[in-house]
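Quick look at data.json (JSON, C-alpha atoms):
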```json
[["chain", "number", "residue", "atom", "x", "y", "z"],
["M", 1, "THR", "CA", -104.52, 49.58, -61.84],
["M", 2, "THR", "CA", -101.04, 48.61, -60.73],
["M", 3, "VAL", "CA", -100.33, 49.19, -57.08],
["M", 4, "LEU", "CA", -96.70, 49.49, -56.00],
["M", 5, "HIS", "CA", -95.70, 49.34, -52.33],
["M", 6, "VAL", "CA", -92.06, 50.18, -51.60],
["M", 7, "VAL", "CA", -90.91, 49.32, -48.12],
["M", 8, "VAL", "CA", -87.45, 50.63, -47.22],
["M", 9, "ASN", "CA", -85.84, 49.35, -44.03],
["M", 10, "VAL", "CA", -83.11, 51.75, -42.90],
["M", 11, "GLU", "CA", -80.64, 50.65, -40.23],
["M", 12, "PRO", "CA", -77.94, 53.00, -38.87],
["M", 13, "THR", "CA", -74.46, 52.01, -40.02],
["M", 14, "GLY", "CA", -72.46, 55.02, -38.88],
["M", 15, "ALA", "CA", -71.92, 56.26, -42.44],
["M", 16, "ALA", "CA", -72.54, 59.91, -43.22],
["M", 17, "LEU", "CA", -75.78, 60.86, -44.90],
["M", 18, "GLY", "CA", -75.68, 61.61, -48.58],
["M", 19, "PRO", "CA", -78.07, 61.86, -51.54],
["M", 20, "THR", "CA", -78.57, 58.99, -53.94],
["M", 21, "THR", "CA", -81.07, 58.01, -56.63],
["M", 22, "VAL", "CA", -82.93, 54.71, -56.94],
["M", 23, "LEU", "CA", -84.89, 53.92, -60.09],
["M", 24, "VAL", "CA", -87.61, 51.23, -59.79],
["M", 25, "ARG", "CA", -89.35, 49.91, -62.88],
["M", 26, "THR", "CA", -92.43, 47.75, -62.26],
["M", 27, "GLN", "CA", -93.53, 44.85, -64.37],
["M", 28, "ARG", "CA", -96.68, 45.20, -66.47],
["M", 29, "ARG", "CA", -99.75, 44.21, -64.50],
["M", 30, "THR", "CA", -103.21, 43.23, -65.72],
["M", 31, "LEU", "CA", -106.62, 43.56, -64.12],
["M", 32, "ALA", "CA", -106.73, 39.78, -63.84],
["M", 33, "CYS", "CA", -103.90, 39.85, -61.31],
["M", 34, "PRO", "CA", -105.24, 39.83, -57.74],
["M", 35, "SER", "CA", -104.51, 43.01, -55.82],
["M", 36, "ASP", "CA", -102.82, 41.12, -52.98],
["M", 37, "ARG", "CA", -100.22, 39.83, -55.42],
["M", 38, "SER", "CA", -99.46, 43.12, -57.08],
["M", 39, "ALA", "CA", -97.38, 44.47, -54.19],
["M", 40, "MET", "CA", -93.58, 44.58, -54.35],
["M", 41, "ILE", "CA", -91.25, 44.76, -51.36],
["M", 42, "LEU", "CA", -87.83, 46.21, -52.13],
["M", 43, "ARG", "CA", -85.03, 45.96, -49.59],
["M", 44, "PHE", "CA", -81.91, 48.04, -50.08],
["M", 45, "LEU", "CA", -78.71, 46.87, -48.45],
["M", 46, "VAL", "CA", -76.32, 49.77, -48.06],
["M", 47, "THR", "CA", -72.78, 48.54, -47.43],
["M", 48, "CYS", "CA", -69.26, 48.90, -48.70],
["M", 49, "PRO", "CA", -68.26, 46.71, -51.64],
["M", 50, "PRO", "CA", -66.00, 43.93, -50.36],
["M", 51, "TYR", "CA", -63.29, 44.81, -52.89],
["M", 52, "LYS", "CA", -63.05, 48.50, -51.95],
["M", 53, "ALA", "CA", -60.06, 49.15, -49.72],
["M", 54, "LEU", "CA", -57.59, 51.85, -48.76],
["M", 55, "TYR", "CA", -53.87, 51.10, -48.74],
["M", 56, "TYR", "CA", -50.56, 52.91, -48.33],
["M", 57, "GLU", "CA", -47.90, 52.79, -51.02],
["M", 58, "PRO", "CA", -44.34, 52.75, -49.58],
["M", 59, "ARG", "CA", -41.87, 55.25, -50.94],
["M", 60, "ILE", "CA", -39.27, 54.23, -53.48],
["M", 61, "ALA", "CA", -35.57, 54.03, -52.58],
["M", 62, "VAL", "CA", -35.95, 54.36, -48.84],
["M", 63, "SER", "CA", -34.13, 52.36, -46.20],
["M", 64, "ASN", "CA", -35.89, 49.94, -43.89],
["M", 65, "LEU", "CA", -35.01, 49.23, -40.30],
["M", 66, "THR", "CA", -35.21, 46.18, -38.06],
["M", 67, "VAL", "CA", -37.16, 47.22, -34.98],
["M", 68, "PRO", "CA", -35.30, 46.69, -31.69],
["M", 69, "ILE", "CA", -36.41, 43.55, -29.85],
["M", 70, "ASN", "CA", -39.37, 44.08, -27.51],
["M", 71, "TYR", "CA", -39.53, 47.72, -28.61],
["M", 72, "ARG", "CA", -42.24, 50.10, -27.40],
["M", 73, "PRO", "CA", -42.58, 53.72, -28.55],
["M", 74, "PRO", "CA", -42.13, 56.66, -26.17],
["M", 75, "SER", "CA", -45.06, 58.12, -24.26],
["M", 76, "GLU", "CA", -45.97, 61.66, -23.27],
["M", 77, "ARG", "CA", -44.09, 61.04, -20.00],
["M", 78, "GLY", "CA", -40.79, 60.63, -21.81],
["M", 79, "LYS", "CA", -38.68, 58.50, -24.11],
["M", 80, "GLY", "CA", -37.71, 56.08, -21.35],
["M", 81, "ILE", "CA", -41.26, 55.53, -20.04],
["M", 82, "PRO", "CA", -43.24, 53.54, -22.65],
["M", 83, "LEU", "CA", -46.89, 53.04, -21.70],
["M", 84, "THR", "CA", -48.46, 51.43, -24.76],
["M", 85, "PRO", "CA", -49.50, 47.77, -24.46],
["M", 86, "ASN", "CA", -48.19, 47.11, -27.98],
["M", 87, "VAL", "CA", -44.83, 45.32, -28.14],
["M", 88, "TYR", "CA", -42.93, 45.26, -31.45],
["M", 89, "ASN", "CA", -40.59, 42.50, -32.61],
["M", 90, "ALA", "CA", -41.41, 40.54, -29.48],
["M", 91, "ASP", "CA", -39.20, 37.93, -27.86],
["M", 92, "PRO", "CA", -40.51, 36.61, -24.51],
["M", 93, "SER", "CA", -37.07, 35.29, -23.53],
["M", 94, "ILE", "CA", -35.56, 38.81, -23.47],
["M", 95, "PRO", "CA", -36.46, 41.69, -21.09],
["M", 96, "LEU", "CA", -38.71, 44.42, -22.46],
["M", 97, "TYR", "CA", -37.22, 47.49, -24.12],
["M", 98, "MET", "CA", -36.65, 50.34, -21.60],
["M", 99, "ASN", "CA", -38.31, 48.32, -18.86],
["M", 100, "TRP", "CA", -37.03, 50.51, -16.03],
["M", 101, "TYR", "CA", -40.26, 51.64, -14.38],
["M", 102, "LYS", "CA", -43.07, 49.62, -12.85],
["M", 103, "VAL", "CA", -45.73, 51.42, -14.90],
["M", 104, "SER", "CA", -43.94, 50.35, -18.10],
["M", 105, "ARG", "CA", -43.69, 46.71, -17.01],
["M", 106, "GLU", "CA", -47.36, 46.55, -16.07],
["M", 107, "THR", "CA", -48.73, 47.95, -19.34],
["M", 108, "ALA", "CA", -46.95, 45.66, -21.84],
["M", 109, "GLN", "CA", -49.09, 42.90, -23.38],
["M", 110, "PHE", "CA", -47.99, 40.18, -25.77],
["M", 111, "LYS", "CA", -50.38, 39.00, -28.48],
["M", 112, "GLN", "CA", -48.93, 36.35, -30.81],
["M", 113, "CYS", "CA", -46.27, 35.63, -28.18],
["M", 114, "LYS", "CA", -48.68, 35.34, -25.27],
["M", 115, "GLY", "CA", -47.77, 32.28, -23.22],
["M", 116, "ALA", "CA", -44.68, 31.59, -25.36],
["M", 117, "ALA", "CA", -41.27, 31.01, -23.81],
["M", 118, "THR", "CA", -39.18, 31.86, -26.89],
["M", 119, "VAL", "CA", -39.68, 33.75, -30.13],
["M", 120, "HIS", "CA", -39.92, 30.46, -32.04],
["M", 121, "GLU", "CA", -43.13, 29.66, -30.17],
["M", 122, "CYS", "CA", -44.82, 32.90, -31.25],
["M", 123, "GLN", "CA", -47.59, 32.56, -33.82],
["M", 124, "CYS", "CA", -45.91, 34.65, -36.53],
["M", 125, "SER", "CA", -45.69, 34.28, -40.29],
["M", 126, "GLY", "CA", -43.55, 35.87, -42.97],
["M", 127, "ILE", "CA", -46.34, 38.26, -43.96],
["M", 128, "SER", "CA", -46.90, 39.45, -40.40],
["M", 129, "GLU", "CA", -43.26, 40.58, -40.12],
["M", 130, "THR", "CA", -44.02, 43.56, -42.39],
["M", 131, "SER", "CA", -47.77, 43.88, -41.81],
["M", 132, "PRO", "CA", -48.89, 47.23, -40.30],
["M", 133, "ASP", "CA", -51.85, 45.58, -38.58],
["M", 134, "PRO", "CA", -51.83, 46.68, -34.90],
["M", 135, "HIS", "CA", -53.12, 43.24, -33.91],
["M", 136, "SER", "CA", -49.83, 41.65, -35.01],
["M", 137, "THR", "CA", -47.25, 44.01, -33.52],
["M", 138, "ASP", "CA", -45.48, 41.10, -31.79],
["M", 139, "CYS", "CA", -44.41, 39.87, -35.21],
["M", 140, "MET", "CA", -43.59, 43.24, -36.79],
["M", 141, "ARG", "CA", -39.85, 43.34, -37.44],
["M", 142, "VAL", "CA", -39.15, 45.49, -40.50],
["M", 143, "VAL", "CA", -40.49, 49.04, -40.91],
["M", 144, "GLU", "CA", -39.94, 52.00, -43.21],
["M", 145, "THR", "CA", -37.78, 54.89, -42.00],
["M", 146, "THR", "CA", -37.67, 58.64, -42.47],
["M", 147, "LEU", "CA", -35.45, 61.43, -41.17],
["M", 148, "PHE", "CA", -36.62, 63.83, -38.50],
["M", 149, "SER", "CA", -35.88, 66.83, -40.72],
["M", 150, "GLN", "CA", -37.90, 65.51, -43.69],
["M", 151, "TYR", "CA", -41.48, 66.42, -44.55],
["M", 152, "PHE", "CA", -43.19, 63.05, -44.78],
["M", 153, "VAL", "CA", -45.90, 62.97, -47.49],
["M", 154, "PRO", "CA", -47.63, 59.56, -47.55],
["M", 155, "ARG", "CA", -49.34, 58.26, -50.69],
["M", 156, "PHE", "CA", -52.62, 56.38, -50.42],
["M", 157, "PHE", "CA", -54.65, 54.53, -53.02],
["M", 158, "VAL", "CA", -58.21, 53.21, -53.12],
["M", 159, "ARG", "CA", -58.94, 49.84, -54.71],
["M", 160, "THR", "CA", -61.99, 50.45, -56.87],
["M", 161, "SER", "CA", -62.74, 47.12, -58.56],
["M", 162, "ARG", "CA", -62.45, 43.37, -58.11],
["M", 163, "ASN", "CA", -59.51, 43.15, -60.52],
["M", 164, "THR", "CA", -57.30, 45.18, -58.13],
["M", 165, "GLU", "CA", -57.61, 48.40, -60.12],
["M", 166, "SER", "CA", -56.88, 51.40, -57.92],
["M", 167, "SER", "CA", -56.79, 55.17, -58.04],
["M", 168, "PRO", "CA", -54.99, 57.79, -55.92],
["M", 169, "LEU", "CA", -56.86, 58.93, -52.85],
["M", 170, "GLN", "CA", -58.58, 62.28, -53.41],
["M", 171, "SER", "CA", -60.47, 62.68, -50.14],
["M", 172, "ILE", "CA", -59.48, 64.29, -46.86],
["M", 173, "TYR", "CA", -58.04, 61.69, -44.48],
["M", 174, "HIS", "CA", -57.39, 61.63, -40.73],
["M", 175, "LEU", "CA", -54.55, 60.14, -38.71],
["M", 176, "ARG", "CA", -54.49, 58.64, -35.23],
["M", 177, "ASP", "CA", -51.48, 57.06, -33.58],
["M", 178, "VAL", "CA", -52.55, 53.71, -32.11],
["M", 179, "ASN", "CA", -50.01, 54.12, -29.29],
["M", 180, "GLY", "CA", -51.41, 57.49, -28.24],
["M", 181, "ARG", "CA", -48.51, 59.59, -29.51],
["M", 182, "LYS", "CA", -49.29, 63.23, -30.24],
["M", 183, "ASP", "CA", -45.76, 64.53, -30.83],
["M", 184, "TRP", "CA", -46.41, 65.21, -34.50],
["M", 185, "CYS", "CA", -48.31, 67.74, -36.60],
["M", 186, "THR", "CA", -48.88, 68.80, -40.21],
["M", 187, "ASN", "CA", -48.16, 71.71, -42.52],
["M", 188, "ALA", "CA", -51.73, 71.58, -43.84],
["M", 189, "THR", "CA", -53.56, 74.86, -44.36],
["M", 190, "GLY", "CA", -55.29, 75.99, -41.20],
["M", 191, "PHE", "CA", -53.05, 74.23, -38.73],
["M", 192, "GLU", "CA", -51.04, 76.48, -36.44],
["M", 193, "LEU", "CA", -47.43, 75.27, -36.55],
["M", 194, "SER", "CA", -46.73, 76.94, -33.21],
["M", 195, "GLN", "CA", -48.88, 74.16, -31.67],
["M", 196, "CYS", "CA", -46.81, 71.44, -33.31],
["M", 197, "GLY", "CA", -46.48, 68.57, -30.85],
["M", 198, "ASP", "CA", -48.73, 70.23, -28.25],
["M", 199, "SER", "CA", -52.14, 70.11, -29.91],
["M", 200, "ASP", "CA", -54.76, 67.61, -28.73],
["M", 201, "SER", "CA", -56.86, 68.33, -31.82],
["M", 202, "ILE", "CA", -54.34, 66.96, -34.32],
["M", 203, "GLU", "CA", -56.25, 63.68, -34.66],
["M", 204, "SER", "CA", -59.38, 65.49, -35.83],
["M", 205, "PHE", "CA", -57.46, 67.61, -38.34],
["M", 206, "GLY", "CA", -57.84, 66.47, -41.93],
["M", 207, "LEU", "CA", -54.97, 66.15, -44.41],
["M", 208, "ASP", "CA", -55.56, 66.77, -48.09],
["M", 209, "PRO", "CA", -53.68, 64.45, -50.49],
["M", 210, "LEU", "CA", -54.36, 66.80, -53.41],
["M", 211, "LYS", "CA", -52.37, 69.52, -51.64],
["M", 212, "HIS", "CA", -49.59, 67.10, -50.65],
["M", 213, "ASP", "CA", -50.05, 67.84, -46.96],
["M", 214, "ALA", "CA", -47.09, 66.50, -45.00],
["M", 215, "ILE", "CA", -46.61, 64.99, -41.57],
["M", 216, "LEU", "CA", -44.08, 66.78, -39.35],
["M", 217, "PHE", "CA", -42.50, 64.79, -36.55],
["M", 218, "VAL", "CA", -41.57, 66.28, -33.21],
["M", 219, "GLY", "CA", -40.33, 63.06, -31.59],
["M", 220, "GLU", "CA", -38.31, 60.05, -32.62],
["M", 221, "GLY", "CA", -38.78, 56.31, -32.90],
["M", 222, "LEU", "CA", -41.79, 54.39, -34.14],
["M", 223, "TYR", "CA", -45.10, 55.97, -35.15],
["M", 224, "HIS", "CA", -48.02, 53.65, -35.88],
["M", 225, "PHE", "CA", -50.86, 55.54, -37.59],
["M", 226, "GLU", "CA", -54.41, 54.46, -38.24],
["M", 227, "VAL", "CA", -55.55, 56.19, -41.44],
["M", 228, "SER", "CA", -59.27, 56.71, -41.98],
["M", 229, "VAL", "CA", -61.18, 58.30, -44.83],
["M", 230, "GLN", "CA", -64.78, 58.49, -45.97],
["M", 231, "ASP", "CA", -65.17, 57.63, -49.63],
["M", 232, "LYS", "CA", -66.96, 60.35, -51.60],
["M", 233, "VAL", "CA", -68.78, 57.89, -53.87],
["M", 234, "SER", "CA", -69.90, 55.05, -51.62],
["M", 235, "PHE", "CA", -69.68, 56.90, -48.27],
["M", 236, "CYS", "CA", -67.71, 53.91, -46.98],
["M", 237, "GLU", "CA", -65.38, 54.50, -44.07],
["M", 238, "LEU", "CA", -62.09, 53.04, -45.25],
["M", 239, "LYS", "CA", -59.16, 52.39, -42.95],
["M", 240, "THR", "CA", -55.57, 51.27, -43.25],
["M", 241, "HIS", "CA", -52.39, 51.53, -41.16],
["M", 242, "LEU", "CA", -48.99, 53.09, -41.63],
["M", 243, "VAL", "CA", -45.80, 52.45, -39.63],
["M", 244, "ILE", "CA", -42.80, 54.75, -39.86],
["M", 245, "PHE", "CA", -39.60, 54.97, -37.80],
["M", 246, "VAL", "CA", -38.12, 58.46, -37.35],
["M", 247, "LEU", "CA", -34.33, 58.71, -37.25],
["M", 248, "GLU", "CA", -31.71, 61.37, -36.40],
["M", 249, "PRO", "CA", -33.67, 63.71, -34.14],
["M", 250, "PRO", "CA", -31.96, 66.86, -32.88],
["M", 251, "LEU", "CA", -30.79, 67.14, -29.29],
["M", 252, "SER", "CA", -33.49, 67.89, -26.77],
["M", 253, "THR", "CA", -33.32, 71.15, -24.81],
["M", 254, "ARG", "CA", -32.10, 69.29, -21.74],
["M", 255, "ASN", "CA", -29.42, 67.34, -23.63],
["M", 256, "GLU", "CA", -28.38, 70.48, -25.47],
["M", 257, "SER", "CA", -27.93, 72.34, -22.17],
["M", 258, "ILE", "CA", -25.94, 69.43, -20.73],
["M", 259, "THR", "CA", -23.73, 69.30, -23.83],
["M", 260, "ILE", "CA", -23.05, 73.04, -23.71],
["M", 261, "SER", "CA", -22.26, 72.90, -19.99],
["M", 262, "VAL", "CA", -19.93, 69.91, -20.31],
["M", 263, "THR", "CA", -18.15, 71.52, -23.27],
["M", 264, "ALA", "CA", -17.68, 74.81, -21.41],
["M", 265, "ILE", "CA", -16.37, 73.08, -18.28],
["M", 266, "SER", "CA", -14.00, 70.93, -20.37],
["M", 267, "MET", "CA", -12.60, 73.99, -22.13],
["M", 268, "LEU", "CA", -12.08, 75.77, -18.78],
["M", 269, "LEU", "CA", -10.28, 72.71, -17.38],
["M", 270, "ILE", "CA", -8.06, 72.51, -20.46],
["M", 271, "ALA", "CA", -7.26, 76.22, -20.16],
["M", 272, "PHE", "CA", -6.54, 75.85, -16.43],
["M", 273, "VAL", "CA", -4.25, 72.85, -16.99],
["M", 274, "ALA", "CA", -2.49, 74.72, -19.80],
["M", 275, "TYR", "CA", -2.01, 77.72, -17.49],
["M", 276, "LEU", "CA", -0.60, 75.51, -14.72],
["M", 277, "ALA", "CA", 1.79, 73.86, -17.18],
["M", 278, "TYR", "CA", 2.90, 77.24, -18.53],
["M", 279, "PHE", "CA", 3.30, 78.68, -15.03],
["M", 280, "SER", "CA", 5.28, 75.63, -13.91],
["M", 281, "CYS", "CA", 7.63, 75.80, -16.91],
["M", 282, "ASN", "CA", 8.10, 79.54, -16.48],
["M", 283, "ARG", "CA", 8.87, 79.16, -12.80],
["M", 284, "ALA", "CA", 11.38, 76.38, -13.47],
["M", 285, "SER", "CA", 13.10, 78.52, -16.11],
["M", 286, "GLN", "CA", 13.21, 81.53, -13.77],
["M", 287, "THR", "CA", 14.65, 79.41, -10.93],
["M", 288, "GLU", "CA", 17.34, 78.01, -13.23],
["M", 289, "HIS", "CA", 18.17, 81.50, -14.47],
["M", 290, "ASP", "CA", 18.49, 82.85, -10.92],
["M", 291, "PHE", "CA", 20.66, 79.90, -9.95],
["M", 292, "ASN", "CA", 22.98, 80.49, -12.91],
["M", 293, "VAL", "CA", 23.23, 84.20, -12.12],
["M", 294, "GLY", "CA", 24.03, 83.45, -8.47],
["M", 295, "SER", "CA", 26.66, 80.93, -9.44],
["M", 296, "ALA", "CA", 28.33, 83.37, -11.78],
["M", 297, "GLY", "CA", 28.45, 86.04, -9.02],
["M", 298, "LEU", "CA", 30.08, 83.68, -6.58],
["M", 299, "THR", "CA", 32.70, 82.67, -9.13],
["M", 300, "SER", "CA", 33.66, 86.25, -9.97],
["M", 301, "GLY", "CA", 33.87, 87.14, -6.23],
["M", 302, "HIS", "CA", 36.35, 84.36, -5.57],
["M", 303, "GLY", "CA", 38.44, 85.46, -8.50]]
```
Could the structure of this file be written out as structure tokens, please?
Amino acid sequence: TTVLHVVVNVEPTGAALGPTTVLVRTQRRTLACPSDRSAMILRFLVTCPPYKALYYEPRIAVSNLTVPINYRPPSERGKGIPLTPNVYNADPSIPLYMNWYKVSRETAQFKQCKGAATVHECQCSGISETSPDPHSTDCMRVVETTLFSQYFVPRFFVRTSRNTESSPLQSIYHLRDVNGRKDWCTNATGFELSQCGDSDSIESFGLDPLKHDAILFVGEGLYHFEVSVQDKVSFCELKTHLVIFVLEPPLSTRNESITISVTAISMLLIAFVAYLAYFSCNRASQTEHDFNVGSAGLTSGHG
């Protein structure tokens, strides 16, 4: 009789549970084989294949932008109060971008430029200048741009083999801004657009690439997203990063009110000055006319 002992050691990895099938075929045993040697111990290592990866494919025919030196994205407190520790396109010899408040100065942290006196002393390479890795933001100089009014639909691919073969992503993915920005939303089914820019649950909302779900921006400047997805086949949690710079935002409510007020006051001043000029000219003409009439009367009286 062949005795088969299967010992499965299961260690939690954080991956979601899912069904799978394992087929075990034993070797032929004989009665002459001692029973203590007829046991088999099978150990299953459940992990992601090293070649499987998620990556973002940049759009074709879009303009890139050089990030302002020592740039930091806006925070929920306002455009001029950055709070993220990440510094982009860092140069230690130049003051930080929008470094007006103490809370902004205290939160900035250099990485590759830590301890450096100039940008030439930073530990940057050519690849890191365009890399979306949040651990190399000091070196990030060139990023992709999009317009505020555009629906931004990112394209992601999954590398499925060792020879760099890839296929379009077909699973629901989630976004999280590494700088804590929440002034964005999506047009995906089920999301209430009236909460756009005000919803704390946006990071847990899934976007479907098969439905071409888009990202809608409420703010401006740099967005640095962490993209995560759970592969349907291997149950691997794949991650990548995406950096986009939003241009040409509309005027804020405050700026719009200021613009309207300044325009109205300017028009009133122009009208008032025009009235004064007209009144002055009219008065001068009337005075000259009265003077001429008076002169003519005096002349005829003497005659």
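Using only C-alpha atoms, the smallest distance between any of M:Val178, M:Cys113, M:Val218, M:Met140 and M:Leu193 comes from M:Val218.
Shown here are all protein and nucleic acid residues lying within 12 Å of (-60.0, 50.7, -57.0), with only C-alpha atoms considered: Pro49, Pro50, Tyr51, Lys52, Ala53, Leu54, Tyr55, Phe156, Phe157, Val158, Arg159, Thr160, Ser161, Arg162, Asn163, Thr164, Glu165, Ser166, Ser167, Pro168, Leu169, Asp231 and Val233 of chain M.
The nearest approach to M:Phe225 among the residues M:Lys182, M:His241, M:Arg72, M:Arg59, with all atoms listed in the file taken into account, belongs to M:His241.
Among the candidates M:Leu175, M:Phe205, M:Phe148, M:Asn187, the residue lying nearest to M:Val227 is M:Leu175 (atoms considered: only C-alpha atoms).
Using all atoms listed in the file, the smallest distance between any of M:Ala90, M:Ile265, M:Cys48, M:Val243 and M:Val143 comes from M:Val243.
Note that atom CA of M:Thr146 and atom CA of M:Ala108 are 26.1 Å apart.
Compared by their closest atoms to M:Gly80, and using only C-alpha atoms, the residues M:Glu203, M:Glu220, M:Ile172, M:Arg155 rank with M:Glu220 nearest.
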